[in-house]
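Source file: coords_15.txt. Holds: compact mmCIF, C-alpha atoms.
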```txt
# COMPACT_ATOMS: atom_id res chain seq x y z
CA MET A 1 11.24 -22.38 -2.63
CA GLU A 2 9.25 -25.13 -0.85
CA LEU A 3 6.71 -22.63 0.57
CA TYR A 4 6.39 -20.97 -2.85
CA THR A 5 5.71 -24.28 -4.59
CA SER A 6 3.29 -25.41 -1.86
CA LEU A 7 1.30 -22.18 -2.15
CA LEU A 8 0.97 -22.52 -5.93
CA GLU A 9 -0.13 -26.15 -5.59
CA ALA A 10 -2.73 -25.29 -2.93
CA LEU A 11 -4.20 -22.51 -5.02
CA GLU A 12 -4.42 -24.73 -8.08
CA ARG A 13 -6.05 -27.47 -6.02
CA GLU A 14 -8.64 -25.34 -4.20
CA TYR A 15 -9.36 -22.30 -6.39
CA ASP A 16 -10.70 -21.52 -9.85
CA THR A 17 -9.34 -18.63 -11.90
CA ILE A 18 -12.05 -16.07 -12.71
CA ARG A 19 -9.98 -13.66 -14.78
CA CYS A 20 -6.68 -11.80 -15.05
CA LEU A 21 -7.09 -8.27 -13.67
CA LYS A 22 -3.68 -6.89 -14.52
CA GLU A 23 -0.67 -8.03 -16.51
CA SER A 24 2.72 -6.38 -17.02
CA PRO A 25 6.28 -7.45 -17.85
CA ARG A 26 6.89 -7.84 -14.10
CA GLY A 27 3.94 -10.14 -13.40
CA CYS A 28 0.18 -10.53 -13.18
CA VAL A 29 -2.77 -10.18 -10.80
CA THR A 30 -5.50 -12.83 -10.97
CA LEU A 31 -8.93 -13.01 -9.35
CA LEU A 32 -9.57 -16.44 -7.81
CA ARG A 33 -12.67 -18.11 -6.35
CA HIS A 34 -12.61 -20.87 -3.76
CA ARG A 35 -14.39 -23.93 -5.17
CA GLN A 36 -16.26 -24.81 -1.96
CA SER A 37 -16.98 -21.50 -0.21
CA GLY A 38 -17.10 -19.15 -3.22
CA THR A 39 -14.75 -16.73 -1.44
CA ARG A 40 -12.85 -14.53 -3.88
CA LEU A 41 -9.18 -13.62 -3.39
CA LEU A 42 -6.44 -11.86 -5.35
CA PHE A 43 -3.33 -13.73 -6.38
CA ARG A 44 -0.24 -11.70 -7.32
CA ARG A 45 2.88 -13.06 -8.99
CA PHE A 46 5.68 -10.65 -9.79
CA THR A 47 9.43 -10.28 -10.05
CA GLY A 48 10.89 -8.28 -7.18
CA SER A 49 10.85 -8.37 -3.40
CA GLY A 50 8.08 -9.48 -1.08
CA ALA A 51 9.54 -7.68 1.94
CA VAL A 52 6.78 -5.07 2.22
CA TYR A 53 4.04 -7.67 1.78
CA ARG A 54 5.61 -9.76 4.56
CA ARG A 55 5.56 -6.80 6.93
CA LEU A 56 1.89 -6.21 6.12
CA LEU A 57 0.92 -9.83 6.93
CA PRO A 58 -0.01 -9.35 10.61
CA LEU A 59 -1.67 -5.95 10.14
CA SER A 60 -5.27 -4.94 9.57
CA SER A 61 -6.40 -1.51 8.38
CA PRO A 62 -9.68 -0.34 6.79
CA HIS A 63 -7.64 1.49 4.16
CA LEU A 64 -5.30 -1.38 3.17
CA PRO A 65 -6.11 -4.86 1.82
CA GLN A 66 -5.54 -7.79 4.18
CA ILE A 67 -2.45 -9.74 3.10
CA LEU A 68 -3.02 -13.48 3.67
CA GLU A 69 0.00 -15.36 2.30
CA VAL A 70 3.44 -14.42 0.96
CA ALA A 71 5.97 -16.81 -0.57
CA GLU A 72 9.20 -16.22 -2.51
CA ALA A 73 11.53 -18.23 -4.70
CA GLY A 74 14.57 -16.15 -5.63
CA ASP A 75 13.17 -12.94 -7.08
CA GLN A 76 9.75 -14.48 -7.80
CA VAL A 77 7.05 -13.38 -5.35
CA ALA A 78 3.60 -14.91 -4.81
CA VAL A 79 1.01 -13.06 -2.71
CA VAL A 80 -2.54 -13.98 -1.73
CA GLU A 81 -4.63 -11.07 -0.49
CA GLU A 82 -8.14 -9.90 0.21
CA TYR A 83 -10.17 -8.97 -2.86
CA VAL A 84 -11.33 -5.40 -2.30
CA GLU A 85 -14.62 -4.87 -4.14
CA GLY A 86 -15.44 -1.42 -5.46
CA ASP A 87 -14.66 1.08 -8.19
CA THR A 88 -11.16 2.36 -8.77
CA LEU A 89 -10.67 6.07 -8.30
CA SER A 90 -9.50 6.26 -11.92
CA SER A 91 -12.87 4.98 -13.18
CA LEU A 92 -14.72 7.61 -11.13
CA LEU A 93 -12.48 10.39 -12.40
CA GLU A 94 -13.25 9.43 -16.00
CA ALA A 95 -16.72 10.89 -15.49
CA GLU A 96 -15.97 14.06 -13.52
CA CYS A 97 -13.76 15.71 -10.92
CA LEU A 98 -14.64 15.34 -7.27
CA ARG A 99 -16.13 17.89 -4.91
CA PRO A 100 -13.50 19.36 -2.54
CA ALA A 101 -15.08 17.71 0.51
CA VAL A 102 -14.93 14.26 -1.14
CA ALA A 103 -11.37 14.76 -2.41
CA ARG A 104 -10.29 15.91 1.06
CA ARG A 105 -11.85 12.83 2.69
CA ILE A 106 -10.18 10.43 0.25
CA ALA A 107 -6.82 12.16 0.71
CA ARG A 108 -7.12 11.89 4.50
CA GLU A 109 -7.95 8.18 4.29
CA LEU A 110 -4.97 7.58 2.02
CA CYS A 111 -2.84 9.40 4.59
CA GLN A 112 -4.05 6.87 7.17
CA ALA A 113 -3.05 4.00 4.87
CA LEU A 114 0.36 5.56 4.26
CA TRP A 115 0.87 6.19 7.97
CA VAL A 116 0.63 2.42 8.54
CA LEU A 117 2.93 1.69 5.61
CA HIS A 118 5.50 4.32 6.60
CA GLY A 119 5.40 3.02 10.16
CA LEU A 120 6.73 -0.27 8.80
CA GLY A 121 9.67 1.55 7.23
CA ALA A 122 8.18 1.17 3.75
CA VAL A 123 7.38 3.50 0.85
CA HIS A 124 4.51 2.73 -1.56
CA ARG A 125 6.09 4.48 -4.59
CA ASP A 126 3.02 4.14 -6.83
CA VAL A 127 0.15 6.19 -5.36
CA LYS A 128 -2.17 6.91 -8.29
CA PRO A 129 -5.91 6.66 -9.15
CA GLU A 130 -5.62 3.08 -10.45
CA ASN A 131 -4.26 1.96 -7.06
CA VAL A 132 -7.11 3.40 -5.02
CA ILE A 133 -10.36 1.45 -4.66
CA LEU A 134 -13.47 3.00 -3.16
CA ARG A 135 -15.09 0.30 -1.02
CA GLY A 136 -18.40 1.88 -0.10
CA SER A 137 -17.37 5.16 1.47
CA GLU A 138 -13.80 4.03 2.28
CA ALA A 139 -10.70 4.55 0.17
CA VAL A 140 -8.36 1.55 0.06
CA LEU A 141 -4.76 1.82 -1.16
CA ILE A 142 -3.69 -1.31 -3.06
CA ASP A 143 -0.75 -2.78 -5.00
CA PHE A 144 2.59 -2.84 -3.18
CA ASP A 145 4.56 -4.43 -6.03
CA ALA A 146 6.65 -1.26 -6.44
CA SER A 147 6.97 -0.68 -2.69
CA ARG A 148 10.31 -0.90 -0.93
CA LEU A 149 11.82 -0.68 2.53
CA VAL A 150 13.85 2.43 3.33
CA LYS A 151 17.55 1.65 3.81
CA PRO A 152 19.18 4.53 5.73
CA ARG A 153 22.70 4.09 4.33
CA GLN A 154 21.63 3.76 0.70
CA GLU A 155 22.01 6.78 -1.58
CA ALA A 156 19.37 5.83 -4.19
CA ASP A 157 16.67 3.24 -4.86
CA THR A 158 18.02 -0.02 -6.26
CA GLN A 159 15.21 -0.27 -8.81
CA VAL A 160 13.50 2.66 -10.54
CA LEU A 161 9.75 2.04 -10.50
CA GLY A 162 6.67 4.26 -10.42
CA THR A 163 4.27 6.11 -12.69
CA THR A 164 5.28 9.16 -14.69
CA GLY A 165 3.53 12.27 -13.40
CA TYR A 166 2.99 10.84 -9.92
CA ALA A 167 6.56 9.78 -9.08
CA PRO A 168 8.75 12.55 -7.58
CA PRO A 169 12.16 13.50 -9.03
CA GLU A 170 14.11 11.51 -6.44
CA GLN A 171 12.33 8.32 -7.52
CA TYR A 172 14.29 8.40 -10.79
CA GLY A 173 17.64 7.73 -9.13
CA LEU A 174 18.47 11.19 -7.76
CA SER A 175 18.30 9.99 -4.16
CA GLN A 176 16.67 7.31 -2.03
CA THR A 177 12.89 7.60 -1.66
CA ASP A 178 11.21 7.83 1.72
CA GLY A 179 7.70 8.71 2.88
CA ARG A 180 7.95 12.14 1.29
CA ALA A 181 7.87 10.48 -2.15
CA ASP A 182 4.37 9.22 -1.35
CA ILE A 183 3.42 12.70 -0.12
CA TYR A 184 4.43 14.08 -3.52
CA ALA A 185 2.31 11.48 -5.33
CA LEU A 186 -0.64 12.08 -3.02
CA GLY A 187 -0.40 15.81 -3.72
CA VAL A 188 -0.58 15.13 -7.46
CA LEU A 189 -3.50 12.77 -6.88
CA LEU A 190 -5.36 15.38 -4.81
CA ASN A 191 -4.94 17.90 -7.61
CA VAL A 192 -6.17 15.39 -10.21
CA MET A 193 -9.24 14.68 -8.08
CA LEU A 194 -10.01 18.41 -7.96
CA THR A 195 -9.06 19.59 -11.46
CA GLY A 196 -8.50 16.52 -13.61
CA GLN A 197 -5.00 17.85 -14.33
CA HIS A 198 -1.43 17.52 -13.08
CA PRO A 199 -0.62 20.52 -10.83
CA SER A 200 2.01 21.68 -13.32
CA ARG A 201 -0.80 22.28 -15.81
CA ALA A 202 -3.68 23.44 -13.59
CA LEU A 203 -3.19 23.95 -9.86
CA ALA A 204 -6.29 23.65 -7.67
CA GLY A 205 -7.39 26.82 -5.97
CA GLY A 206 -7.85 27.77 -2.34
CA GLN A 207 -6.52 25.97 0.70
CA LEU A 208 -6.35 22.58 -1.00
CA GLY A 209 -4.31 24.10 -3.81
CA ARG A 210 -1.81 25.36 -1.24
CA VAL A 211 -1.64 21.83 0.21
CA VAL A 212 -0.96 20.43 -3.28
CA ARG A 213 1.78 22.98 -3.86
CA LYS A 214 3.64 22.04 -0.68
CA CYS A 215 3.23 18.30 -1.32
CA THR A 216 4.74 18.61 -4.78
CA MET A 217 7.80 20.73 -4.04
CA MET A 218 10.75 19.41 -6.03
CA ASN A 219 13.01 19.26 -2.98
CA PRO A 220 11.69 16.62 -0.52
CA GLN A 221 12.83 18.76 2.40
CA ASN A 222 10.30 21.42 1.42
CA ARG A 223 7.33 19.03 1.51
CA TYR A 224 5.36 17.98 4.57
CA PRO A 225 7.75 15.91 6.70
CA ASP A 226 5.21 13.12 7.22
CA VAL A 227 1.60 12.23 6.45
CA LEU A 228 0.37 13.29 9.91
CA ARG A 229 1.41 16.86 9.12
CA LEU A 230 -0.29 16.52 5.76
CA MET A 231 -3.50 15.34 7.45
CA GLU A 232 -3.41 18.36 9.73
CA ALA A 233 -3.07 20.62 6.69
CA LEU A 234 -5.99 18.92 4.98
CA GLY A 235 -8.16 19.75 8.00
```
Translate the structure of the given file into structure tokens.
Amino acid sequence: MELYTSLLEALEREYDTIRCLKESPRGCVTLLRHRQSGTRLLFRRFTGSGAVYRRLLPLSSPHLPQILEVAEAGDQVAVVEEYVEGDTLSSLLEAECLRPAVARRIARELCQALWVLHGLGAVHRDVKPENVILRGSEAVLIDFDASRLVKPRQEADTQVLGTTGYAPPEQYGLSQTDGRADIYALGVLLNVMLTGQHPSRALAGGQLGRVVRKCTMMNPQNRYPDVLRLMEALG
């Protein structure tokens, strides 16, 4: 509680609020600017667990935002993180689908982000176009509010979160999610990049279509076992 309160006080003392970027029943994401240096940061407040954010604190990856501070008070979580500048993948897809080479590159970079996350024993659980920012030529996976740590003895996720269409069947309480849930979502995302449609409505053709099909098998055991195998398949 003391760290949580101290963080809020420091942010109020040293930063100005530029605007609210995202708001939901669970919390909000605000863009801040340091009064002296002009440095911009993201401030997240949400109801849930900060466990995944804490594990990301010491890590640095070109395809993940740098997490700077994490504080909790009960189920209230406060996170300060790097502000990743760029366009969201969703805004790019509003104009047109992507060329296969570009979609393949973005999918491979998201695999690299997920490899780091899965290596921490975590699952993102909300891979979708709105949570991918293109920073120059690099894809950055953001927003770990729905993420959770895998608990081997648990039969199902404690809290059902995710986005309809991208979340796999097991994410709705059928079983506990693991890294294969993110592989399912990434397969859907790859298909959307290529066709603009969910694979159930219009499956991409060729080799990438076959990758999408395996990613989005209903039974997790029939998907790629991990993102390294998926990267190999992407070529």
Near stretch 86-92 of chain A, counting all atoms listed in the file, which residues have an atom at most 7 Å away, once you skip same-chain residues fewer than 5 positions from it, shown as a ChimeraX atom specification?
/A:129-130,132-136
Keeping only C-alpha atoms, write the selected residues to a file as an mmCIF file, in the frame of the given file.
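What ended up in result21.cif:
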```cif
data_model
loop_
_atom_site.group_PDB
_atom_site.id
_atom_site.type_symbol
_atom_site.label_atom_id
_atom_site.label_comp_id
_atom_site.auth_asym_id
_atom_site.auth_seq_id
_atom_site.Cartn_x
_atom_site.Cartn_y
_atom_site.Cartn_z
ATOM 1 C CA PRO A 129 -5.910 6.660 -9.150
ATOM 2 C CA GLU A 130 -5.620 3.080 -10.450
ATOM 3 C CA VAL A 132 -7.110 3.400 -5.020
ATOM 4 C CA ILE A 133 -10.360 1.450 -4.660
ATOM 5 C CA LEU A 134 -13.470 3.000 -3.160
ATOM 6 C CA ARG A 135 -15.090 0.300 -1.020
ATOM 7 C CA GLY A 136 -18.400 1.880 -0.100
#
```
Give me the residues near A:Leu230 as an MDAnalysis selection string, where near means some atom within 8 Å (using all atoms listed in the file) and where sequence neighbours in that chain fewer than 4 positions away do not count.
chainID A and resid 111 183 211 224 226 234
Around the point (-4.3, 7.1, 0.6) in the file's coordinates, collect all residues with an atom within 8 Å, using only C-alpha atoms, and return them as an MDAnalysis selection string.
chainID A and resid 63 106:114 127 132 139:141 186
With only C-alpha atoms as the counted atoms, please give the residues lying no more than 12 Å from A:Asn191, apart from itself and same-chain residues fewer than 4 positions off, as number ranges by chain.
A: 93, 97-100, 103-104, 107, 128-129, 165-166, 184-187, 195-216
Quick one, how far is atom CA of A:Gly38 from atom CA of A:Thr17?
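Atom-to-atom, atom CA of A:Gly38 to atom CA of A:Thr17, that is 11.7 Å.
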